[in-house]
Amino acid sequence: MYLFSIFLIPFFFTSSADSISDNVNLNFKIRQERDVYDRSDYGEPPQFAIWLEKPETKKVRTVFVTYRTGTGYFEGKVECPVSLPVWISVFRKETGRKDFPRPWKPFYDGVTGATPTVEVFTISEKVKKGSVWYYYIEMNVAGDYNEYFPQVLKTKRPDDHGNGQPSLIFRGEIVAEKGQISKPKIIGRSDQFYFVTEINPDLAGIDTAMDVFSEIVVTCDSKMEEKNGEG
């Protein structure tokens with residue numbers, strides 16, 4: 001088993017009034033199945049993003065996004081609007097921008113990382129003890145075509161971005177108290193062809209994409225790392 005662990009500095013920081021003892025870690029663990037994404041036309045690991053949302057304020061905060069989507073460095077193009085479209089709405093809300101991340105204007109380096117090829121990916125985010133969070137994960141494997149999301153529609157329309165099954169969105173909730181454990185559920189998808197930021201709950205026709213992440217667990221502990229977070 002291979003592990004990939006990363007600790008990142010988020011865009012938001014604690015106020016000077018916050019004591020480090022008030023902070024705890026939310027730990028994200030994702031197990032991805034290589035034998036599933038290897039069967040796609042490109043055989044590449046998924047693009048994915050993780051973000052947090054405060055229930056009472058709806059303020060969002062990206063924890064991690066894979067390099068291509070976070071920088072716009074796609075092969076032969078500077079954007080892929082169907083890669084992680086729901087996260088793009090988070091990106092726009094965080095930055096106040098109305099475009100996509102571009103090579104000359106990427107998202108914040110501190111939360112952008114190489115696309116993990118390891119079996120188990122882990123990352124931790126520091127938050128205020130006792131705070132309540134919704135967390136989201138959007139995941140997309142390119143070229144995972146099937147009968148319902150083909151490379152070319154019956155109307156002869158091609159899948160120009162090589163998307164296949166659209167991105168899936170997972171959602172969970174956790175209280176930032178030591179010992180808390182949470183597992184998210186898939187709440188919907190985006191679209192194969194169109195840039196959409198609303199989550200479509202209709203999962204009909206989705207098959208292999210469901211199996212790419214075989215386990216997602218979020219836990220909370222009180223380990224203190226060299227990392228700040230917003231309460």
# chains A, B, ... in the order shown; residues from 1 in each chain; ligands from 1

$ select_by_dssp --residues "stretch 9-209 of chain A" --states "strand (DSSP E)" --output "PyMOL selection string"
chain A and resi 23-32+47-53+60-66+112-113+120-128+132-140+168-175+181-182+185-189

$ residues_around --residues "A:Tyr145" --least-positions-apart "4" --cutoff "12 Å" --atoms "only C-alpha atoms" --output "list in words"
Tyr37, Arg39, Ser40, Asp41, Tyr42, Gly43, Asn140, Val141, Phe149, Pro150, Gln151, Val152, Leu153, Pro158, Asp159, His161, Gly162, Asn163, Gly164, Gln165, Pro166, Gln192, Gly205, Ile206, Asp207, Thr208 and Ala209 of chain A

$ residues_around --residues "stretch 174-176 of chain A" --least-positions-apart "5" --cutoff "8 Å" --atoms "only C-alpha atoms" --output "PyMOL selection string"
chain A and resi 24-26+127-135+181-182+218+220

$ write_last_selection --atoms "C-alpha atoms" --output "CSV table (one decimal), in the first residue's frame"
chain,number,residue,atom,x,y,z
A,24,VAL,CA,-7.9,20.8,15.6
A,25,ASN,CA,-7.3,18.9,12.4
A,26,LEU,CA,-9.8,17.6,10.0
A,127,VAL,CA,-10.1,24.4,11.9
A,128,LYS,CA,-11.4,25.8,15.1
A,129,LYS,CA,-12.3,23.3,17.8
A,130,GLY,CA,-16.1,22.7,18.1
A,131,SER,CA,-16.9,24.3,14.7
A,132,VAL,CA,-19.3,22.5,12.3
A,133,TRP,CA,-18.5,22.0,8.7
A,134,TYR,CA,-20.0,20.6,5.5
A,135,TYR,CA,-17.3,19.1,3.3
A,181,ILE,CA,-15.6,10.3,12.2
A,182,SER,CA,-17.6,11.0,9.1
A,218,VAL,CA,-12.9,12.3,7.5
A,220,CYS,CA,-10.8,14.9,13.7

$ residues_around --residues "A:Ile199" --least-positions-apart "4" --cutoff "10 Å" --atoms "only C-alpha atoms" --output "compact mmCIF listing (two decimals) with C-alpha atoms, in the first residue's frame"
# COMPACT_ATOMS: atom_id res chain seq x y z
CA PRO A 85 -17.27 22.44 -12.71
CA VAL A 86 -18.87 22.50 -9.27
CA SER A 167 -17.87 14.50 -12.22
CA LEU A 168 -19.41 13.10 -9.03
CA ILE A 169 -19.94 15.17 -5.89
CA ILE A 187 -25.22 13.59 -3.77
CA GLY A 188 -25.10 14.04 -7.53
CA ARG A 189 -23.13 14.82 -10.64
CA SER A 190 -22.34 17.57 -13.12
CA ASP A 191 -22.76 17.23 -16.92

$ residues_around --residues "A:Lys59" --least-positions-apart "4" --cutoff "12 Å" --atoms "only C-alpha atoms" --output "ChimeraX atom specification"
/A:12,51-55,90-95,133-135,230-231

$ write_last_selection --atoms "C-alpha atoms" --output "mmCIF file, in the first residue's frame"
data_model
loop_
_atom_site.group_PDB
_atom_site.id
_atom_site.type_symbol
_atom_site.label_atom_id
_atom_site.label_comp_id
_atom_site.auth_asym_id
_atom_site.auth_seq_id
_atom_site.Cartn_x
_atom_site.Cartn_y
_atom_site.Cartn_z
ATOM 1 C CA PHE A 12 -7.726 31.806 5.218
ATOM 2 C CA TRP A 51 -13.559 21.999 0.040
ATOM 3 C CA LEU A 52 -15.273 23.073 3.250
ATOM 4 C CA GLU A 53 -18.407 25.143 3.775
ATOM 5 C CA LYS A 54 -19.625 26.860 6.912
ATOM 6 C CA PRO A 55 -23.319 25.924 7.302
ATOM 7 C CA VAL A 90 -16.209 27.489 -5.252
ATOM 8 C CA PHE A 91 -13.049 28.890 -6.839
ATOM 9 C CA ARG A 92 -14.992 31.886 -8.110
ATOM 10 C CA LYS A 93 -16.610 32.474 -4.745
ATOM 11 C CA GLU A 94 -13.244 32.328 -2.945
ATOM 12 C CA THR A 95 -11.364 34.537 -5.375
ATOM 13 C CA TRP A 133 -18.503 21.962 8.678
ATOM 14 C CA TYR A 134 -20.014 20.619 5.516
ATOM 15 C CA TYR A 135 -17.314 19.098 3.335
ATOM 16 C CA GLU A 230 -10.108 29.685 9.987
ATOM 17 C CA GLY A 231 -12.441 29.088 12.879
#

$ closest_residue --among "A:Glu138, A:Glu119, A:Asp202, A:Glu56" --to "A:Val36" --atoms "only C-alpha atoms"
A:Glu119

$ atom_distance --atom1 "atom CA of A:Phe193" --atom2 "atom CA of A:Thr66"
20.7 Å

$ residues_around --residues "stretch 101-103 of chain A" --least-positions-apart "6" --cutoff "6 Å" --atoms "only C-alpha atoms" --output "NGL selection string"
:A and (70-73)

$ residues_around --residues "A:Phe28" --least-positions-apart "4" --cutoff "12 Å" --atoms "only C-alpha atoms" --output "ChimeraX atom specification"
/A:4-7,49-52,63-64,120-126,135-137,172,174,181-184,215-221

$ write_last_selection --atoms "C-alpha atoms" --output "compact mmCIF listing (two decimals), in the first residue's frame"
# COMPACT_ATOMS: atom_id res chain seq x y z
CA PHE A 4 0.44 10.15 -0.01
CA SER A 5 0.18 12.68 2.79
CA ILE A 6 0.17 16.42 2.40
CA PHE A 7 -0.17 19.40 4.72
CA ALA A 49 -11.11 18.81 -5.28
CA ILE A 50 -11.93 18.99 -1.58
CA TRP A 51 -13.56 22.00 0.04
CA LEU A 52 -15.27 23.07 3.25
CA VAL A 63 -8.59 22.28 1.01
CA PHE A 64 -7.07 20.69 -2.10
CA VAL A 120 -4.33 6.22 -0.35
CA PHE A 121 -4.33 10.02 -0.35
CA THR A 122 -4.44 11.94 2.93
CA ILE A 123 -4.56 15.61 3.77
CA SER A 124 -5.30 17.58 6.94
CA GLU A 125 -6.91 20.98 7.43
CA LYS A 126 -6.82 22.95 10.66
CA TYR A 135 -17.31 19.10 3.34
CA TYR A 136 -17.44 18.29 -0.35
CA ILE A 137 -15.33 16.23 -2.74
CA GLY A 172 -20.64 15.01 4.43
CA ILE A 174 -18.50 16.83 10.70
CA ILE A 181 -15.60 10.31 12.24
CA SER A 182 -17.62 11.03 9.11
CA LYS A 183 -18.17 9.31 5.76
CA PRO A 184 -19.73 11.29 2.88
CA GLU A 215 -13.32 4.77 0.70
CA ILE A 216 -13.56 8.33 1.97
CA VAL A 217 -13.22 8.95 5.70
CA VAL A 218 -12.93 12.26 7.54
CA THR A 219 -11.72 12.24 11.12
CA CYS A 220 -10.82 14.85 13.70
CA ASP A 221 -7.85 14.95 16.07

$ select_by_dssp --residues "chain A" --states "helix (DSSP H, G or I)" --output "ChimeraX atom specification"
/A:20-22,34-37,67-71,85-95,109-111,208-211

$ write_last_selection --atoms "C-alpha atoms" --output "CSV table (one decimal), in the first residue's frame"
chain,number,residue,atom,x,y,z
A,20,ILE,CA,-3.4,27.6,18.7
A,21,SER,CA,-5.0,25.4,21.4
A,22,ASP,CA,-8.4,26.2,19.9
A,34,ARG,CA,-6.3,2.2,-9.9
A,35,ASP,CA,-7.8,-0.9,-11.6
A,36,VAL,CA,-11.0,1.2,-12.1
A,37,TYR,CA,-9.5,4.3,-13.7
A,67,TYR,CA,-2.9,20.5,-10.5
A,68,ARG,CA,-4.5,20.5,-13.9
A,69,THR,CA,-7.8,21.9,-12.8
A,70,GLY,CA,-6.2,24.3,-10.3
A,71,THR,CA,-3.8,25.8,-12.9
A,85,PRO,CA,-17.3,22.4,-12.7
A,86,VAL,CA,-18.9,22.5,-9.3
A,87,TRP,CA,-15.5,23.3,-7.7
A,88,ILE,CA,-15.1,26.1,-10.2
A,89,SER,CA,-18.1,27.8,-8.6
A,90,VAL,CA,-16.2,27.5,-5.3
A,91,PHE,CA,-13.0,28.9,-6.8
A,92,ARG,CA,-15.0,31.9,-8.1
A,93,LYS,CA,-16.6,32.5,-4.7
A,94,GLU,CA,-13.2,32.3,-2.9
A,95,THR,CA,-11.4,34.5,-5.4
A,109,ASP,CA,-0.4,27.4,-5.0
A,110,GLY,CA,-0.9,26.4,-1.4
A,111,VAL,CA,-3.9,24.2,-2.1
A,208,THR,CA,-17.5,2.7,-13.0
A,209,ALA,CA,-17.2,6.3,-11.7
A,210,MET,CA,-18.9,5.2,-8.6
A,211,ASP,CA,-16.0,2.8,-7.8

$ atom_distance --atom1 "atom CA of A:Gly179" --atom2 "atom CA of A:Thr112"
27.8 Å

$ closest_residue --among "A:Arg61, A:Arg171, A:Arg97, A:Lys29" --to "A:Lys185" --atoms "only C-alpha atoms"
A:Arg171

$ decode --residues "stretch 30-76 of chain A" --atoms "C-alpha atoms" --output "mmCIF file, in the first residue's frame"
data_model
loop_
_atom_site.group_PDB
_atom_site.id
_atom_site.type_symbol
_atom_site.label_atom_id
_atom_site.label_comp_id
_atom_site.auth_asym_id
_atom_site.auth_seq_id
_atom_site.Cartn_x
_atom_site.Cartn_y
_atom_site.Cartn_z
ATOM 1 C CA ILE A 30 -9.311 8.845 0.205
ATOM 2 C CA ARG A 31 -8.661 5.369 -1.159
ATOM 3 C CA GLN A 32 -8.692 5.272 -4.961
ATOM 4 C CA GLU A 33 -8.866 2.175 -7.129
ATOM 5 C CA ARG A 34 -6.305 2.179 -9.899
ATOM 6 C CA ASP A 35 -7.785 -0.863 -11.613
ATOM 7 C CA VAL A 36 -10.972 1.170 -12.135
ATOM 8 C CA TYR A 37 -9.496 4.321 -13.667
ATOM 9 C CA ASP A 38 -6.958 2.273 -15.648
ATOM 10 C CA ARG A 39 -9.888 0.978 -17.685
ATOM 11 C CA SER A 40 -10.776 4.458 -18.925
ATOM 12 C CA ASP A 41 -9.607 5.506 -22.396
ATOM 13 C CA TYR A 42 -6.745 7.570 -20.952
ATOM 14 C CA GLY A 43 -5.928 5.445 -17.925
ATOM 15 C CA GLU A 44 -5.256 8.548 -15.857
ATOM 16 C CA PRO A 45 -6.017 9.067 -12.149
ATOM 17 C CA PRO A 46 -8.945 11.344 -11.375
ATOM 18 C CA GLN A 47 -9.019 15.074 -11.058
ATOM 19 C CA PHE A 48 -10.555 15.970 -7.707
ATOM 20 C CA ALA A 49 -11.105 18.807 -5.281
ATOM 21 C CA ILE A 50 -11.934 18.992 -1.581
ATOM 22 C CA TRP A 51 -13.559 21.999 0.040
ATOM 23 C CA LEU A 52 -15.273 23.073 3.250
ATOM 24 C CA GLU A 53 -18.407 25.143 3.775
ATOM 25 C CA LYS A 54 -19.625 26.860 6.912
ATOM 26 C CA PRO A 55 -23.319 25.924 7.302
ATOM 27 C CA GLU A 56 -24.373 29.225 8.836
ATOM 28 C CA THR A 57 -22.507 31.600 6.521
ATOM 29 C CA LYS A 58 -22.043 29.450 3.352
ATOM 30 C CA LYS A 59 -18.451 30.657 3.252
ATOM 31 C CA VAL A 60 -16.284 28.186 1.351
ATOM 32 C CA ARG A 61 -12.657 27.207 1.565
ATOM 33 C CA THR A 62 -10.711 24.888 -0.733
ATOM 34 C CA VAL A 63 -8.588 22.284 1.011
ATOM 35 C CA PHE A 64 -7.065 20.690 -2.104
ATOM 36 C CA VAL A 65 -7.456 20.667 -5.880
ATOM 37 C CA THR A 66 -5.483 18.652 -8.412
ATOM 38 C CA TYR A 67 -2.906 20.505 -10.466
ATOM 39 C CA ARG A 68 -4.500 20.485 -13.906
ATOM 40 C CA THR A 69 -7.814 21.915 -12.791
ATOM 41 C CA GLY A 70 -6.195 24.326 -10.333
ATOM 42 C CA THR A 71 -3.799 25.761 -12.908
ATOM 43 C CA GLY A 72 -5.512 25.207 -16.254
ATOM 44 C CA TYR A 73 -2.568 23.160 -17.549
ATOM 45 C CA PHE A 74 -4.508 20.662 -19.662
ATOM 46 C CA GLU A 75 -2.904 18.975 -22.643
ATOM 47 C CA GLY A 76 -3.605 20.976 -25.784
#
